[in-house]
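One structure is given below, encoded as structure tokens.
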Amino acid sequence: MTLYPVAVPKWGLAMEEGTLSTWLVKEGAIVAQGDEIAEIESSKIANVFEAPAAGVLRRIVAQEGDLNPVGALLAVIADGDEDDAVIDAFVAEYQDRFATEAVDQVSGPVPEVAAVPGGNIRYLKVAGGDATPVVLLHGFGGDYLNWMMNQAALAEGRDVYAVDLPGHGESYKQLGDASLDELAQSIAAWMGLQGLEKAHVVGHSMGAGVALALAAVEPERVHSITGICGVGFGGTLNSAYVEGFTDAEKRKELKGVVELLFTNAELVSREMLDDLLAYKRIDGVDAALRGLLVNALSAASVAEAEARRQAAAVPVLAIYGDSDQVVATPDEAARPSGAVLITGAGHMPQLEAADAVNAAISAFVRAHD
């Protein structure tokens with residue numbers, strides 16, 4: 001008989017604690033490894049937590065609403081019969097050890113900035129090795145934290161950079177023509193400053209269009225392209241989303257728009273909405289978003305991105321969520337060869353189905369190093 005601790009997971013480099021919002025199973029339930037057993041909310045996103053092992057959920061330790069640090073015990077799973085005294089002892093030993101272990105004082109990577117002709121670009125680098133680096137480009141209205149569930153996982157044997165695109169996060173806000181090419185040229189300049197001669201470029205949504213533009217304006221810098229629910233990857237852009245995001249001024253207005261990103265609306269946390277509203281109130285953001293809406297995400301720009309993807313001279317991987325409400329997933333016949341469809345995911349599969357997305361990207365870049 002084996003006892004398995006169910007502990008607060010670490011979702012992303014910055015996560016330090018999580019709130020157990022809901023138990024999805026009751027004490028005494030039989031669970032399989034991978035079953036969804038709880039919902040946990042971090043400071044950036046709510047998500048479901050899967051059982052780490054098969055067995056019986058013998059003891060629930062943490063209650064709904066509890067805020068616990070990463071690694072704290074939530075429950076115990078047993079794969080056989082055992083009396084309560086043994087469970088009690090296991091819980092007590094785990095909690096004593098957790099309370100007395102030395103706190104790891106080694107800080108993780110922190111965001112940096114680099115000055116390109118338009119202004120500062122913020123980025124986070126996770127060092128992993130000498131293989132061809134990966135550059136991660138978020139979508140419209142996002143920032144580098146959109147990759148919180150992916151960056152460390154992809155940094156096995158290679159450096160991985162997550163970048164705030166111009167107009168977003170803490171990168172500069174004063175755009176020129178707000179085109180995909182302008183964003184790509186800024187990323188190319190930033191890559192030059194980092195000494196990145198060539199990289200696998202992974203783009204989400206609008207970021208995929210930027211990756212395709214980068215391959216067009218500076219093809220020598222792009223080793224491969226991965227588009228996740230990407231502009232230029234065959235889907236139709238839902239203008240109601242980008243217009244609604246741009247126009248929203250209150251939490252209630254924004255909530256209805258942001259929920260379109262996910263299959264499970266409960267993944268949208270209050271703090272996520274507050275962070276997005278704070279970003280939208282920064283000087284220059286409204287003009288930047290409206291410029292991108294008119295130019296980078298225009299019908300002509302999306303069509304050009306599609307043409308660039310079809311003519312790409314580098315390997316291309318397409319990843320889709322089968323329930324995407326922002327960039328509609330194209331029919332199978334219209335998808336690029338080798339496309340990956342993530343079942344049960346919406347427009348943010350890198351957050352909703354991080355393991356599947358990470359596995360697909362890792363296999364692809366390893367095959368094309």
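Residues in the structure tokens are named by chain (A, B, ... in the order shown) and by number from 1 within that chain; ligands are numbered from 1 in the order shown.
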
At a cut-off of 7 Å, using only C-alpha atoms, what residues contact range 232-238 of chain A? Leave out same-chain residues fewer than 6 positions from it and give the result as a PDB file with all heavy atoms, in the first residue's frame.
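Wrote it out as result.pdb, contents follow:
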ATOM      1  N   GLY A 209       1.138  35.777 -35.978  1.00  0.00           N
ATOM      2  CA  GLY A 209       1.285  36.669 -37.115  1.00  0.00           C
ATOM      3  C   GLY A 209       2.592  37.425 -37.067  1.00  0.00           C
ATOM      4  O   GLY A 209       3.234  37.662 -38.105  1.00  0.00           O
ATOM      5  N   VAL A 302      -4.325  39.930 -41.871  1.00  0.00           N
ATOM      6  CA  VAL A 302      -4.509  38.501 -41.596  1.00  0.00           C
ATOM      7  C   VAL A 302      -4.317  37.689 -42.867  1.00  0.00           C
ATOM      8  O   VAL A 302      -3.695  36.620 -42.851  1.00  0.00           O
ATOM      9  CB  VAL A 302      -5.902  38.258 -40.981  1.00  0.00           C
ATOM     10  CG1 VAL A 302      -6.182  36.760 -40.865  1.00  0.00           C
ATOM     11  CG2 VAL A 302      -6.006  38.929 -39.606  1.00  0.00           C
ATOM     12  N   ALA A 303      -4.820  38.194 -44.001  1.00  0.00           N
ATOM     13  CA  ALA A 303      -4.646  37.491 -45.279  1.00  0.00           C
ATOM     14  C   ALA A 303      -3.173  37.418 -45.666  1.00  0.00           C
ATOM     15  O   ALA A 303      -2.698  36.392 -46.178  1.00  0.00           O
ATOM     16  CB  ALA A 303      -5.454  38.193 -46.372  1.00  0.00           C
ATOM     17  N   ALA A 305      -0.665  37.424 -43.569  1.00  0.00           N
ATOM     18  CA  ALA A 305      -0.048  36.443 -42.680  1.00  0.00           C
ATOM     19  C   ALA A 305      -0.310  35.032 -43.166  1.00  0.00           C
ATOM     20  O   ALA A 305       0.584  34.166 -43.128  1.00  0.00           O
ATOM     21  CB  ALA A 305      -0.580  36.631 -41.256  1.00  0.00           C
ATOM     22  N   GLU A 306      -1.527  34.789 -43.640  1.00  0.00           N
ATOM     23  CA  GLU A 306      -1.867  33.478 -44.171  1.00  0.00           C
ATOM     24  C   GLU A 306      -0.997  33.139 -45.381  1.00  0.00           C
ATOM     25  O   GLU A 306      -0.475  32.014 -45.496  1.00  0.00           O
ATOM     26  CB  GLU A 306      -3.349  33.449 -44.566  1.00  0.00           C
ATOM     27  CG  GLU A 306      -3.820  32.145 -45.169  1.00  0.00           C
ATOM     28  CD  GLU A 306      -3.988  31.053 -44.132  1.00  0.00           C
ATOM     29  OE1 GLU A 306      -4.213  31.379 -42.954  1.00  0.00           O
ATOM     30  OE2 GLU A 306      -3.884  29.874 -44.521  1.00  0.00           O
ATOM     31  N   ARG A 309       2.453  32.268 -44.202  1.00  0.00           N
ATOM     32  CA  ARG A 309       2.539  30.934 -43.609  1.00  0.00           C
ATOM     33  C   ARG A 309       2.595  29.867 -44.697  1.00  0.00           C
ATOM     34  O   ARG A 309       3.390  28.923 -44.638  1.00  0.00           O
ATOM     35  CB  ARG A 309       1.339  30.714 -42.689  1.00  0.00           C
ATOM     36  CG  ARG A 309       1.464  29.479 -41.793  1.00  0.00           C
ATOM     37  CD  ARG A 309       0.712  28.302 -42.341  1.00  0.00           C
ATOM     38  NE  ARG A 309      -0.687  28.606 -42.524  1.00  0.00           N
ATOM     39  CZ  ARG A 309      -1.514  27.819 -43.188  1.00  0.00           C
ATOM     40  NH1 ARG A 309      -1.073  26.722 -43.788  1.00  0.00           N
ATOM     41  NH2 ARG A 309      -2.793  28.154 -43.331  1.00  0.00           N
ATOM     42  N   VAL A 326     -12.073  32.657 -30.364  1.00  0.00           N
ATOM     43  CA  VAL A 326     -11.437  33.906 -30.768  1.00  0.00           C
ATOM     44  C   VAL A 326     -10.881  33.809 -32.182  1.00  0.00           C
ATOM     45  O   VAL A 326     -11.120  34.682 -33.021  1.00  0.00           O
ATOM     46  CB  VAL A 326     -10.337  34.311 -29.776  1.00  0.00           C
ATOM     47  CG1 VAL A 326      -9.611  35.571 -30.246  1.00  0.00           C
ATOM     48  CG2 VAL A 326     -10.940  34.544 -28.387  1.00  0.00           C
ATOM     49  N   VAL A 327     -10.109  32.771 -32.466  1.00  0.00           N
ATOM     50  CA  VAL A 327      -9.675  32.487 -33.835  1.00  0.00           C
ATOM     51  C   VAL A 327     -10.215  31.099 -34.168  1.00  0.00           C
ATOM     52  O   VAL A 327      -9.661  30.093 -33.712  1.00  0.00           O
ATOM     53  CB  VAL A 327      -8.141  32.531 -33.984  1.00  0.00           C
ATOM     54  CG1 VAL A 327      -7.737  32.204 -35.423  1.00  0.00           C
ATOM     55  CG2 VAL A 327      -7.593  33.894 -33.582  1.00  0.00           C
ATOM     56  N   ALA A 328     -11.297  31.060 -34.902  1.00  0.00           N
ATOM     57  CA  ALA A 328     -11.996  29.799 -35.140  1.00  0.00           C
ATOM     58  C   ALA A 328     -11.056  28.765 -35.738  1.00  0.00           C
ATOM     59  O   ALA A 328     -10.314  29.047 -36.690  1.00  0.00           O
ATOM     60  CB  ALA A 328     -13.181  30.028 -36.071  1.00  0.00           C
ATOM     61  N   THR A 329     -11.067  27.569 -35.178  1.00  0.00           N
ATOM     62  CA  THR A 329     -10.212  26.495 -35.677  1.00  0.00           C
ATOM     63  C   THR A 329     -10.686  26.053 -37.051  1.00  0.00           C
ATOM     64  O   THR A 329     -11.867  25.713 -37.231  1.00  0.00           O
ATOM     65  CB  THR A 329     -10.234  25.300 -34.712  1.00  0.00           C
ATOM     66  OG1 THR A 329      -9.757  25.732 -33.437  1.00  0.00           O
ATOM     67  CG2 THR A 329      -9.365  24.167 -35.227  1.00  0.00           C
ATOM     68  N   PRO A 330      -9.810  26.062 -38.057  1.00  0.00           N
ATOM     69  CA  PRO A 330     -10.236  25.679 -39.409  1.00  0.00           C
ATOM     70  C   PRO A 330     -10.548  24.191 -39.509  1.00  0.00           C
ATOM     71  O   PRO A 330     -10.112  23.393 -38.666  1.00  0.00           O
ATOM     72  CB  PRO A 330      -9.022  26.043 -40.270  1.00  0.00           C
ATOM     73  CG  PRO A 330      -7.861  25.986 -39.333  1.00  0.00           C
ATOM     74  CD  PRO A 330      -8.381  26.439 -38.003  1.00  0.00           C
ATOM     75  N   ALA A 334      -8.161  22.290 -44.010  1.00  0.00           N
ATOM     76  CA  ALA A 334      -7.534  23.605 -44.164  1.00  0.00           C
ATOM     77  C   ALA A 334      -6.366  23.816 -43.211  1.00  0.00           C
ATOM     78  O   ALA A 334      -5.716  24.856 -43.258  1.00  0.00           O
ATOM     79  CB  ALA A 334      -8.580  24.701 -43.938  1.00  0.00           C
ATOM     80  N   ARG A 335      -6.086  22.822 -42.372  1.00  0.00           N
ATOM     81  CA  ARG A 335      -4.983  22.959 -41.428  1.00  0.00           C
ATOM     82  C   ARG A 335      -3.663  22.534 -42.071  1.00  0.00           C
ATOM     83  O   ARG A 335      -3.644  21.658 -42.939  1.00  0.00           O
ATOM     84  CB  ARG A 335      -5.232  22.089 -40.189  1.00  0.00           C
ATOM     85  CG  ARG A 335      -6.469  22.447 -39.407  1.00  0.00           C
ATOM     86  CD  ARG A 335      -6.729  21.419 -38.308  1.00  0.00           C
ATOM     87  NE  ARG A 335      -8.132  21.415 -37.940  1.00  0.00           N
ATOM     88  CZ  ARG A 335      -8.753  20.404 -37.344  1.00  0.00           C
ATOM     89  NH1 ARG A 335      -8.081  19.281 -37.075  1.00  0.00           N
ATOM     90  NH2 ARG A 335     -10.030  20.490 -37.048  1.00  0.00           N
TER      91      ARG A 335
END

Checklist entry - Among range 71-234 of chain A, which residues carry a DSSP assignment of alpha helix (DSSP H), reported as an NGL selection string? => result :A and (84-100 or 151-154 or 180-194 or 206-217)

Checklist entry - When you draw a straight line from CA of Arg308 in chain A to CA of Gly227 in chain A, how long is it in Å? => result 12.5 Å

Which residues of range 2-60 of chain A come within 9 Å of range 344-363 of chain A, and what is each one's closest atom pair and distance in Å (one decimal), counting only C-alpha atoms, sorted by chain and residue number, as a Markdown table?
| residue | atom | partner | partner_atom | distance |
| --- | --- | --- | --- | --- |
| A:Ile45 | CA | A:Leu351 | CA | 8.7 |
| A:Asn47 | CA | A:Glu352 | CA | 7.4 |
| A:Val48 | CA | A:Glu352 | CA | 8.6 |

Checklist entry - For Ile342 in chain A, which of A:Val316, A:Leu165, A:Ile228, A:Phe90 is the closest residue, counting only C-alpha atoms? => result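 For Ile342 in chain A, the nearest of the given residues is A:Ile228.
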
Checklist entry - What lies within 8 Å of range 217-219 of chain A using only C-alpha atoms, ignoring chain neighbours under 4 positions off, as a list in words? => result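 Answer for this query is Asp181, Ala184, Gln185, Ala188 and Ala213 of chain A.
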